Amino acid sequence: MENRKILEIKDLDISFHSTTETVHAIRGVDLTLRQGETIALVGESGSGKSVTMKAVMGILPEGAVINKGSVIYYGPDDLKNGSGAAPGKIGNAAPGEEQSDGDNGVDLLKADKEWVRRNMRGRRIAMVFQDPMTSLNPTMTIGGQLSLAISSHGEEKGYRIKERAVELLREVGITEPERRMKQYPHEFSGGMRQRIVIAMALSCNPEILICDEPTTALDVTIQDRILELIVSLQQKLSLSVIFITHNLGVVAKVADKVCVMYAGKVVEKGTVIDVFYDPRHPYTWGLLSAIPGTGLKGDLYSIPGTPPYLSKDPVGDAFAPRNPYALAIDFKAEPPMFRISDTHYAATWLLDERAPKVKRPAELEEHIKEMRKEVAEYVALRE
Ligand SMILES: Nc1ncnc2c1ncn2[C@@H]1O[C@H](COP(=O)(O)OP(=O)(O)OP(=O)(O)O)[C@@H](O)[C@H]1O
Ligand SMILES: [Mg+2]
């Protein structure tokens with residue numbers, strides 16, 4: 001049986017308004033995160049990965065308007081009865097909260113903003129961004145920043161704060177933590193800084209960790225070590241993780257499930273095995289073909305064309321103009337999410353029973369065969 005749900009995004013819909021135009025960036029995203037699992041959110045630049053997660057964190061930029069949808073956080077029982085929480089802050093103090101299906105869910109989009117800021121952000125849900133420098137204060141020592149993060153949660157006092165800071169640095173693989181506490185961010189390498197940011201995110205013992213392209217700014221060998229760190233922390237601390245990346249090549253290393261986004265929608269989702277062994281959406285075929293492989297000759301494949309600019313809603317399937325397998329209906333009607341199995345779904349008209357039987361391109365089949373072994377090894381490692 002699957003673990004309990006911890007976070008559920010339902011029909012999330014967001015626009016950006018400026019004086020000149022409105023961009024419909026998120027167009028009905030559904031995503032369910034279960035306790036202890038890692039979901040990779042993938043898709044090209046601009047597909048809406050970061051905006052979706054910023055909505056979860058309650059940190060949308062100016063101009064963003066949530067048109068509809070909900071983000072339900074299913075906390076432990078103490079979320080409602082107030083135990084284990086700051087007195088009077090949890091429990092009945094979340095106006096607008098929503099009970100869902102008899103569970104103890106809270107709709108973070110409707111709950112009081114101050115309540116969310118105090119009780120959720122950085123506390124139950126923490127986020128790590130691409131560039132560690134945006135999360136670090138260049139004028140303050142690492143020890144100072146980490147201690148501040150720890151004390152702001154109010155659980156540790158006095159000398160315990162420093163002890164906990166040292167413990168966290170050790171946990172993320174920083175050697176000689178006592179000495180390094182006295183140093184400033186510029187005295188660390190990019191990979192080390194990202195480790196420190198991860199330590200800060202963990203300082204509140206979050207249940208959910210959202211990593212937005214945490215390795216993109218790092219060189220390849222360092223990337224791998226940070227990925228390994230996230231996997232080991234996820235397992236050790238039983239975190240539930242959403243891992244954003246535009247690189248499907250790293251997904252099997254970290255994730256149990258994959259959610260593929262295109263033009264503000266989820267177009268395919270499934271387990272790593274579903275999506276790597278048996279991808280169904282032509283967009284996913286394109287992304288998989290673009291992963292460098294040992295057997296591929298010539299230039300690396302990239303999907304021709306560019307994603308639509310969402311200042312007006314696309315007619316039909318947003319991917320149709322770039323899709324060599326598009327059917328006439330793709331230019332007229334938006335495909336629903338078709339169910340392939342209990343775990344695997346894709347929004348493409350190719351899955352309609354009336355659609356012609358289209359095979360994946362032969363080169364992609366070869367590429368999938370190559371990747372399968374590696375994917376199977378990663379999946380086995382994570383089990
Ligand atoms: N601050 C903003 N103001 C206006 N529009 C924005 C803003 N941030 C994002 N958008 C719109 O939302 C869309 C999705 O942006 P988002 O940052 O979520 O993309 P992404 O999938 O995270 O891409 P990347 O891989 O480049 O990080 C953008 O294409 C853009 O149209
Ligand atoms: Mg982004």
# chains A, B, ... in the order shown; residues from 1 in each chain; ligands from 1
call {"tool": "residues_around", "arguments": {"residues": "range 184-187 of chain A", "least_positions_apart": "5", "cutoff": "10 Å", "atoms": "only C-alpha atoms", "output": "VMD selection string"}}
result
chain A and resid 132 to 133 136 to 145 192 to 193 196
call {"tool": "write_last_selection", "arguments": {"atoms": "C-alpha atoms", "output": "compact mmCIF listing (two decimals), in the first residue's frame"}}
result
# COMPACT_ATOMS: atom_id res chain seq x y z
CA PRO A 132 22.92 29.12 -2.92
CA MET A 133 24.06 32.76 -2.76
CA LEU A 136 22.95 33.13 2.13
CA ASN A 137 23.86 36.46 3.65
CA PRO A 138 27.37 37.36 2.40
CA THR A 139 28.08 39.56 5.44
CA MET A 140 27.36 36.98 8.11
CA THR A 141 29.31 33.89 9.15
CA ILE A 142 27.86 30.49 8.29
CA GLY A 143 27.60 29.69 12.00
CA GLY A 144 25.71 32.94 12.60
CA GLN A 145 23.23 32.29 9.81
CA MET A 192 29.81 23.53 -0.12
CA ARG A 193 27.49 26.54 -0.14
CA ILE A 196 25.06 24.81 3.86
call {"tool": "residues_near_ligand", "arguments": {"ligand": "ligand 1", "cutoff": "10 Å", "atoms": "only C-alpha atoms and all ligand atoms", "output": "MDAnalysis selection string"}}
result
chainID A and resid 14:18 21:26 41:55 60:64 130 212:213 216 244:247 261:264 307:311
call {"tool": "write_last_selection", "arguments": {"atoms": "C-alpha atoms", "output": "PDB file, in the first residue's frame"}}
result
ATOM      1  CA  ILE A  14      -2.119  30.981 -11.809  1.00  0.00           C
ATOM      2  CA  SER A  15      -1.797  34.063 -14.027  1.00  0.00           C
ATOM      3  CA  PHE A  16       0.713  36.898 -14.046  1.00  0.00           C
ATOM      4  CA  HIS A  17      -0.735  40.335 -14.576  1.00  0.00           C
ATOM      5  CA  SER A  18       1.225  43.304 -15.813  1.00  0.00           C
ATOM      6  CA  GLU A  21      -0.739  41.677 -20.605  1.00  0.00           C
ATOM      7  CA  THR A  22      -1.805  38.624 -18.659  1.00  0.00           C
ATOM      8  CA  VAL A  23       0.191  35.404 -18.861  1.00  0.00           C
ATOM      9  CA  HIS A  24      -1.645  32.231 -17.912  1.00  0.00           C
ATOM     10  CA  ALA A  25       1.423  30.435 -16.556  1.00  0.00           C
ATOM     11  CA  ILE A  26      -0.127  27.560 -14.561  1.00  0.00           C
ATOM     12  CA  LEU A  41       9.150  17.745 -11.511  1.00  0.00           C
ATOM     13  CA  VAL A  42      10.613  18.072 -14.997  1.00  0.00           C
ATOM     14  CA  GLY A  43      10.006  20.140 -18.094  1.00  0.00           C
ATOM     15  CA  GLU A  44      11.664  22.781 -20.229  1.00  0.00           C
ATOM     16  CA  SER A  45      12.374  26.284 -19.034  1.00  0.00           C
ATOM     17  CA  GLY A  46       9.174  28.255 -18.473  1.00  0.00           C
ATOM     18  CA  SER A  47       6.917  25.215 -18.075  1.00  0.00           C
ATOM     19  CA  GLY A  48       5.860  26.367 -14.610  1.00  0.00           C
ATOM     20  CA  LYS A  49       7.877  24.212 -12.228  1.00  0.00           C
ATOM     21  CA  SER A  50       9.141  26.991  -9.965  1.00  0.00           C
ATOM     22  CA  VAL A  51       5.910  28.977  -9.976  1.00  0.00           C
ATOM     23  CA  THR A  52       3.965  25.878  -8.879  1.00  0.00           C
ATOM     24  CA  MET A  53       6.323  25.334  -5.964  1.00  0.00           C
ATOM     25  CA  LYS A  54       6.403  29.015  -5.034  1.00  0.00           C
ATOM     26  CA  ALA A  55       2.616  28.824  -4.748  1.00  0.00           C
ATOM     27  CA  LEU A  60       4.697  33.933  -5.426  1.00  0.00           C
ATOM     28  CA  PRO A  61       6.235  37.044  -6.996  1.00  0.00           C
ATOM     29  CA  GLU A  62       4.329  40.271  -7.408  1.00  0.00           C
ATOM     30  CA  GLY A  63       1.763  40.214 -10.182  1.00  0.00           C
ATOM     31  CA  ALA A  64       0.886  36.548  -9.658  1.00  0.00           C
ATOM     32  CA  GLN A 130      19.322  26.851  -7.554  1.00  0.00           C
ATOM     33  CA  ASP A 212      14.473  23.791  -7.160  1.00  0.00           C
ATOM     34  CA  GLU A 213      17.308  22.897  -9.549  1.00  0.00           C
ATOM     35  CA  THR A 216      22.188  23.274 -11.921  1.00  0.00           C
ATOM     36  CA  ILE A 244      12.722  20.222  -9.720  1.00  0.00           C
ATOM     37  CA  THR A 245      15.013  19.722 -12.684  1.00  0.00           C
ATOM     38  CA  HIS A 246      14.989  20.336 -16.409  1.00  0.00           C
ATOM     39  CA  ASN A 247      17.345  17.392 -16.768  1.00  0.00           C
ATOM     40  CA  MET A 261       5.217  19.644 -17.111  1.00  0.00           C
ATOM     41  CA  TYR A 262       4.605  21.482 -20.355  1.00  0.00           C
ATOM     42  CA  ALA A 263       3.179  24.994 -20.792  1.00  0.00           C
ATOM     43  CA  GLY A 264       1.744  25.193 -17.296  1.00  0.00           C
ATOM     44  CA  PRO A 307       7.092  26.342 -25.894  1.00  0.00           C
ATOM     45  CA  PRO A 308       4.145  28.700 -26.447  1.00  0.00           C
ATOM     46  CA  TYR A 309       4.061  32.086 -24.774  1.00  0.00           C
ATOM     47  CA  LEU A 310       0.974  31.881 -22.626  1.00  0.00           C
ATOM     48  CA  SER A 311      -0.358  35.393 -23.102  1.00  0.00           C
TER      49      SER A 311
END
call {"tool": "select_by_dssp", "arguments": {"residues": "range 4-171 of chain A", "states": "strand (DSSP E or B)", "output": "count of residues only"}}
result
52
call {"tool": "closest_residue", "arguments": {"among": "A:Glu2, A:Glu156, A:Asp30, A:Asp131", "to": "ligand 2", "atoms": "only C-alpha atoms and all ligand atoms"}}
result
A:Asp131
call {"tool": "closest_atom_pairs", "arguments": {"of": "range 171-240 of chain A", "to": "range 110-121 of chain A", "cutoff": "10 Å", "atoms": "only C-alpha atoms", "output": "CSV"}}
result
residue,atom,partner,partner_atom,distance
A:Cys204,CA,A:Arg121,CA,9.9
A:Pro206,CA,A:Met120,CA,8.9
A:Glu207,CA,A:Met120,CA,9.9
A:Ile208,CA,A:Met120,CA,9.9
call {"tool": "write_last_selection", "arguments": {"atoms": "N, CA and C atoms", "output": "short mmCIF file (atom, residue, chain, number, x, y, z; two decimals), in the first residue's frame"}}
result
data_model
loop_
_atom_site.label_atom_id
_atom_site.label_comp_id
_atom_site.auth_asym_id
_atom_site.auth_seq_id
_atom_site.Cartn_x
_atom_site.Cartn_y
_atom_site.Cartn_z
N CYS A 204 14.89 23.11 10.67
CA CYS A 204 13.60 23.07 11.37
C CYS A 204 12.98 21.68 11.33
N PRO A 206 12.05 19.79 8.67
CA PRO A 206 10.84 19.83 7.84
C PRO A 206 10.39 18.42 7.47
N GLU A 207 9.13 18.32 7.10
CA GLU A 207 8.65 17.03 6.59
C GLU A 207 8.80 16.99 5.08
N ILE A 208 8.68 18.18 4.47
CA ILE A 208 8.74 18.25 3.01
C ILE A 208 9.91 19.15 2.61
#
call {"tool": "closest_residue", "arguments": {"among": "A:Gly58, A:Pro335, A:Pro214, A:Pro304", "to": "ligand 2", "atoms": "only C-alpha atoms and all ligand atoms"}}
result
A:Pro214
call {"tool": "closest_residue", "arguments": {"among": "A:Thr348, A:Gly249, A:Leu233, A:Lys312", "to": "Tyr283 in chain A", "atoms": "only C-alpha atoms"}}
result
A:Thr348
call {"tool": "closest_residue", "arguments": {"among": "A:Glu8, A:Ile210, A:Arg195, A:Ile161", "to": "ligand 2", "atoms": "only C-alpha atoms and all ligand atoms"}}
result
A:Ile210
call {"tool": "closest_residue", "arguments": {"among": "A:Leu146, A:Leu109, A:Leu381, A:Leu209", "to": "Arg124 in chain A", "atoms": "only C-alpha atoms"}}
result
A:Leu209
call {"tool": "closest_residue", "arguments": {"among": "A:Phe243, A:Ala199, A:Arg34, A:Leu168", "to": "ligand 2", "atoms": "only C-alpha atoms and all ligand atoms"}}
result
A:Phe243
call {"tool": "residues_around", "arguments": {"residues": "Val258 in chain A", "least_positions_apart": "6", "cutoff": "10 Å", "atoms": "only C-alpha atoms", "output": "PyMOL selection string"}}
result
chain A and resi 38-42+242-244+248+251-252+268-276+344
call {"tool": "residues_around", "arguments": {"residues": "Lys332 in chain A", "least_positions_apart": "3", "cutoff": "7 Å", "atoms": "only C-alpha atoms", "output": "ChimeraX atom specification"}}
result
/A:315-316,329
call {"tool": "atom_distance", "arguments": {"atom1": "CA of Phe319 in chain A", "atom2": "CA of Met337 in chain A"}}
result
14.3 Å
